[in-house]
file data06.txt (compact mmCIF, C-alpha atoms)
# COMPACT_ATOMS: atom_id res chain seq x y z
CA MET J 1 28.43 -23.64 104.97
CA LYS J 2 27.54 -26.32 107.47
CA LEU J 3 28.23 -25.62 111.12
CA GLU J 4 30.62 -28.54 111.40
CA ASP J 5 32.60 -27.29 108.37
CA HIS J 6 33.18 -23.88 109.96
CA PRO J 7 36.89 -23.35 110.80
CA PHE J 8 36.01 -22.67 114.44
CA PHE J 9 34.80 -26.25 114.93
CA LYS J 10 37.64 -28.05 113.13
CA LYS J 11 39.96 -28.45 116.10
CA TYR J 12 38.95 -29.08 119.75
CA ARG J 13 35.38 -29.69 118.60
CA VAL J 14 34.05 -31.31 121.79
CA LEU J 15 35.69 -28.71 124.02
CA LYS J 16 34.16 -25.88 122.03
CA TYR J 17 30.68 -27.40 122.17
CA ILE J 18 31.00 -27.80 125.94
CA LEU J 19 32.22 -24.21 126.33
CA LEU J 20 29.40 -22.89 124.13
CA ALA J 21 26.79 -24.81 126.12
CA HIS J 22 28.30 -23.51 129.36
CA LEU J 23 28.26 -19.96 127.97
CA ALA J 24 24.61 -20.29 126.91
CA PHE J 25 23.61 -21.56 130.37
CA SER J 26 25.59 -18.81 132.13
CA LEU J 27 24.01 -16.16 129.91
CA PHE J 28 20.56 -17.59 130.61
CA ILE J 29 21.08 -17.34 134.37
CA PHE J 30 22.59 -13.85 134.12
CA VAL J 31 19.83 -12.51 131.88
CA SER J 32 17.07 -14.07 134.00
CA HIS J 33 18.47 -12.32 137.10
CA LEU J 34 18.63 -9.06 135.14
CA VAL J 35 14.98 -9.48 134.11
CA HIS J 36 13.96 -10.17 137.72
CA GLY J 37 15.84 -7.05 138.76
CA ILE J 38 14.14 -4.95 136.11
CA THR J 39 10.68 -6.21 137.06
CA ASP J 40 11.42 -5.46 140.73
CA ARG J 41 12.78 -2.02 139.73
CA ASP J 42 16.18 -2.74 141.25
CA ILE J 43 18.46 -4.32 138.67
CA LEU J 44 21.30 -5.22 141.03
CA ARG J 45 19.18 -6.62 143.89
CA PRO J 46 19.01 -10.26 142.66
CA PHE J 47 22.81 -10.30 142.35
CA GLU J 48 23.25 -8.69 145.78
CA ILE J 49 20.95 -11.25 147.40
CA THR J 50 22.98 -14.10 145.90
CA PHE J 51 26.26 -12.72 147.25
CA GLU J 52 24.73 -11.91 150.65
CA ASN J 53 23.32 -15.44 150.96
CA TYR J 54 26.67 -16.92 149.92
CA LYS J 55 28.40 -14.87 152.60
CA ALA J 56 25.85 -15.92 155.22
CA PHE J 57 25.95 -19.64 154.36
CA HIS J 58 29.74 -19.74 154.50
CA ASP J 59 29.87 -18.11 157.93
CA PRO J 60 26.57 -19.19 159.53
CA GLN J 61 27.61 -18.48 163.12
CA LYS J 62 28.07 -14.83 162.26
CA TYR J 63 25.27 -14.17 159.73
CA LEU J 64 22.50 -16.72 160.31
CA LYS J 65 20.28 -16.39 163.33
CA LYS J 66 17.74 -18.96 164.54
CA GLU J 67 14.32 -17.39 164.87
CA PHE J 68 10.69 -18.40 165.04
CA PHE J 69 8.41 -18.05 162.05
CA VAL J 70 4.70 -17.56 162.77
CA VAL J 71 2.78 -19.71 160.30
CA ASP J 72 -0.40 -18.17 158.89
CA THR J 73 -1.11 -20.89 156.38
CA ALA J 74 0.50 -23.67 154.41
CA PHE J 75 -0.66 -25.36 151.26
CA ILE J 76 0.51 -27.81 148.64
CA ALA J 77 1.21 -26.46 145.17
CA THR J 78 2.37 -28.20 142.04
CA GLU J 79 5.46 -27.02 140.24
CA THR J 80 5.51 -27.80 136.53
CA SER J 81 8.60 -28.01 134.40
CA SER J 82 8.85 -29.14 130.82
CA SER J 83 11.83 -30.42 128.92
CA GLN J 84 12.02 -31.97 125.47
CA GLY J 85 8.24 -32.10 125.16
CA LYS J 86 7.76 -33.86 128.50
CA SER J 87 6.15 -32.20 131.49
CA THR J 88 7.05 -33.13 135.03
CA PHE J 89 5.08 -32.20 138.11
CA LYS J 90 6.50 -31.88 141.60
CA ASP J 91 4.69 -31.09 144.81
CA ILE J 92 5.97 -28.17 146.85
CA THR J 93 4.83 -26.99 150.24
CA VAL J 94 4.29 -23.24 150.44
CA ILE J 95 4.37 -21.76 153.95
CA ARG J 96 3.16 -18.20 154.50
CA GLY J 97 3.63 -16.11 157.60
CA ASN J 98 6.07 -13.74 159.28
CA LEU J 99 8.92 -13.70 161.77
CA LEU J 100 7.86 -13.58 165.41
CA ASN J 101 8.92 -9.95 165.96
CA SER J 102 8.03 -8.69 162.49
CA THR J 103 4.90 -7.85 160.57
CA LYS J 104 6.50 -8.31 157.12
CA LYS J 105 4.76 -11.24 155.41
CA GLN J 106 7.05 -13.82 153.81
CA GLU J 107 6.74 -17.07 151.95
CA LEU J 108 8.88 -20.16 152.42
CA ILE J 109 8.96 -22.91 149.83
CA TYR J 110 9.80 -26.48 150.72
CA ARG J 111 10.62 -28.69 147.72
CA GLY J 112 8.40 -31.72 148.16
CA PHE J 113 5.51 -32.53 150.45
CA ASN J 114 6.04 -31.61 154.09
CA GLY J 115 3.43 -33.53 156.07
CA ASN J 116 4.26 -31.69 159.31
CA PHE J 117 1.90 -28.87 158.34
CA PHE J 118 -1.11 -30.98 157.44
CA ASN J 119 -3.49 -33.40 159.14
CA ASP J 120 -4.58 -36.73 157.65
CA ASN J 121 -6.71 -35.17 154.90
CA ASN J 122 -3.94 -32.82 153.66
CA ILE J 123 -5.72 -29.88 155.26
CA PHE J 124 -3.61 -27.24 157.00
CA ASN J 125 -3.09 -28.14 160.66
CA GLU J 126 -4.22 -25.08 162.65
CA ASN J 127 -2.30 -26.27 165.74
CA ILE J 128 1.04 -25.36 164.15
CA LYS J 129 1.78 -21.81 165.21
CA THR J 130 5.56 -21.41 164.85
CA ILE J 131 8.50 -23.16 163.21
CA LYS J 132 12.22 -22.65 163.60
CA VAL J 133 13.92 -20.89 160.69
CA TRP J 134 17.25 -19.27 159.89
CA ARG J 135 17.24 -15.56 159.17
CA ASN J 136 20.07 -14.00 157.19
CA ILE J 137 20.87 -10.88 159.23
CA ILE J 138 22.40 -9.20 156.16
CA ASN J 139 19.26 -9.11 154.01
CA ASP J 140 16.47 -10.60 156.19
CA GLU J 141 15.98 -13.60 153.90
CA VAL J 142 14.41 -16.52 155.75
CA PHE J 143 15.28 -20.21 155.23
CA LEU J 144 13.71 -23.36 156.62
CA GLY J 145 15.57 -24.67 159.62
CA ASN J 146 16.48 -28.13 158.37
CA GLU J 147 19.88 -29.27 157.15
CA GLN J 148 18.66 -30.37 153.71
CA GLU J 149 17.24 -26.93 152.88
CA PHE J 150 20.37 -25.26 154.27
CA GLU J 151 22.63 -27.31 151.98
CA ARG J 152 20.33 -26.75 148.99
CA LYS J 153 20.36 -22.96 149.43
CA LYS J 154 24.11 -22.93 150.05
CA ASP J 155 24.74 -24.92 146.85
CA SER J 156 22.38 -22.66 144.93
CA ALA J 157 24.19 -19.50 146.00
CA THR J 158 27.59 -21.04 145.24
CA GLY J 159 26.46 -22.25 141.81
CA LEU J 160 24.97 -18.89 140.85
CA ILE J 161 28.17 -17.07 141.76
CA TYR J 162 30.17 -19.62 139.75
CA PHE J 163 28.03 -18.96 136.66
CA TYR J 164 28.29 -15.18 137.14
CA PHE J 165 32.08 -15.27 137.31
CA SER J 166 32.51 -17.84 134.56
CA LEU J 167 30.94 -15.58 131.92
CA ILE J 168 33.96 -13.36 131.22
CA PRO J 169 36.61 -16.13 131.15
CA LEU J 170 34.35 -18.23 128.91
CA ILE J 171 33.98 -15.41 126.41
CA ILE J 172 37.74 -14.77 126.45
CA ILE J 173 38.55 -18.47 125.96
CA LEU J 174 36.07 -18.78 123.10
CA LEU J 175 37.49 -15.68 121.40
CA ILE J 176 41.04 -17.05 121.73
CA LEU J 177 39.94 -20.40 120.29
CA LYS J 178 38.19 -18.57 117.45
CA LYS J 179 41.36 -16.58 116.62
CA LYS J 180 43.44 -19.76 116.66
CA SER J 181 40.92 -21.46 114.36
CA GLU J 182 41.02 -18.54 111.91
CA LYS J 183 44.83 -18.59 111.80
CA GLN J 184 44.90 -22.32 111.07
CA ALA J 185 42.23 -22.16 108.33
call {"tool": "encode", "arguments": {"input": "data06.txt", "output": "structure tokens"}}
result
Amino acid sequence: MKLEDHPFFKKYRVLKYILLAHLAFSLFIFVSHLVHGITDRDILRPFEITFENYKAFHDPQKYLKKEFFVVDTAFIATETSSSQGKSTFKDITVIRGNLLNSTKKQELIYRGFNGNFFNDNNIFNENIKTIKVWRNIINDEVFLGNEQEFERKKDSATGLIYFYFSLIPLIIILLILKKKSEKQA
């Protein structure tokens, strides 16, 4: 039996394809966070970090604190992504260091090339000692101190939570649509 001849796809075909694609994407995100949690030996931690960052970004006066980040080094890396047989390459700036009053080493990633850290020959500028960052006081995550990065991280946390919570309603809706399709067939 062809997929399009299956009773499930007879009525509301476009809606069901959209819901199935949404379910697949939500499952992909959920499973990838589970895998990250398993590799870090704390299954729930990736989910906790997402909710903690969401909480901090939606009440920044209370949970985000401006601090100084001591820069040890910065370098340009290339991020590769492939889709439909095509590879795309994007430059990212990786900044390594620690908070001013901390010895814990951290890494900040800036999407794109940030020329502030380099001299004319794209060599790390040793004169840069500190930069302003936001620190989430809930989980000590550090974010670059510019508005663009703030909005990007806020949108990321909001989107992840949306996909987490959309899993159960999507499954219920698809099961209801399946039952209706079986009754009509």
call {"tool": "residues_around", "arguments": {"input": "data06.txt", "residues": "Val142 of chain J", "least_positions_apart": "6", "cutoff": "12 Å", "atoms": "only C-alpha atoms", "output": "VMD selection string"}}
result
chain J and resid 49 53 56 63 to 69 95 to 99 104 to 109 131 to 136 149 to 150 153
call {"tool": "residues_near_point", "arguments": {"input": "data06.txt", "point": "(24.4, -22.5, 139.9)", "cutoff": "12 Å", "atoms": "all atoms listed in the file", "output": "MDAnalysis selection string"}}
result
chainID J and resid 22 25:30 50 54 152:166
call {"tool": "atom_distance", "arguments": {"input": "data06.txt", "atom1": "atom CA of Tyr110 of chain J", "atom2": "atom CA of Val94 of chain J"}}
result
6.4 Å
call {"tool": "closest_residue", "arguments": {"input": "data06.txt", "among": "J:Leu15, J:Ile168, J:Ala74, J:Leu177", "to": "Lys129 of chain J", "atoms": "all atoms listed in the file"}}
result
J:Ala74
call {"tool": "atom_distance", "arguments": {"input": "data06.txt", "atom1": "atom CA of Ile173 of chain J", "atom2": "atom CA of Ala21 of chain J"}}
result
13.4 Å
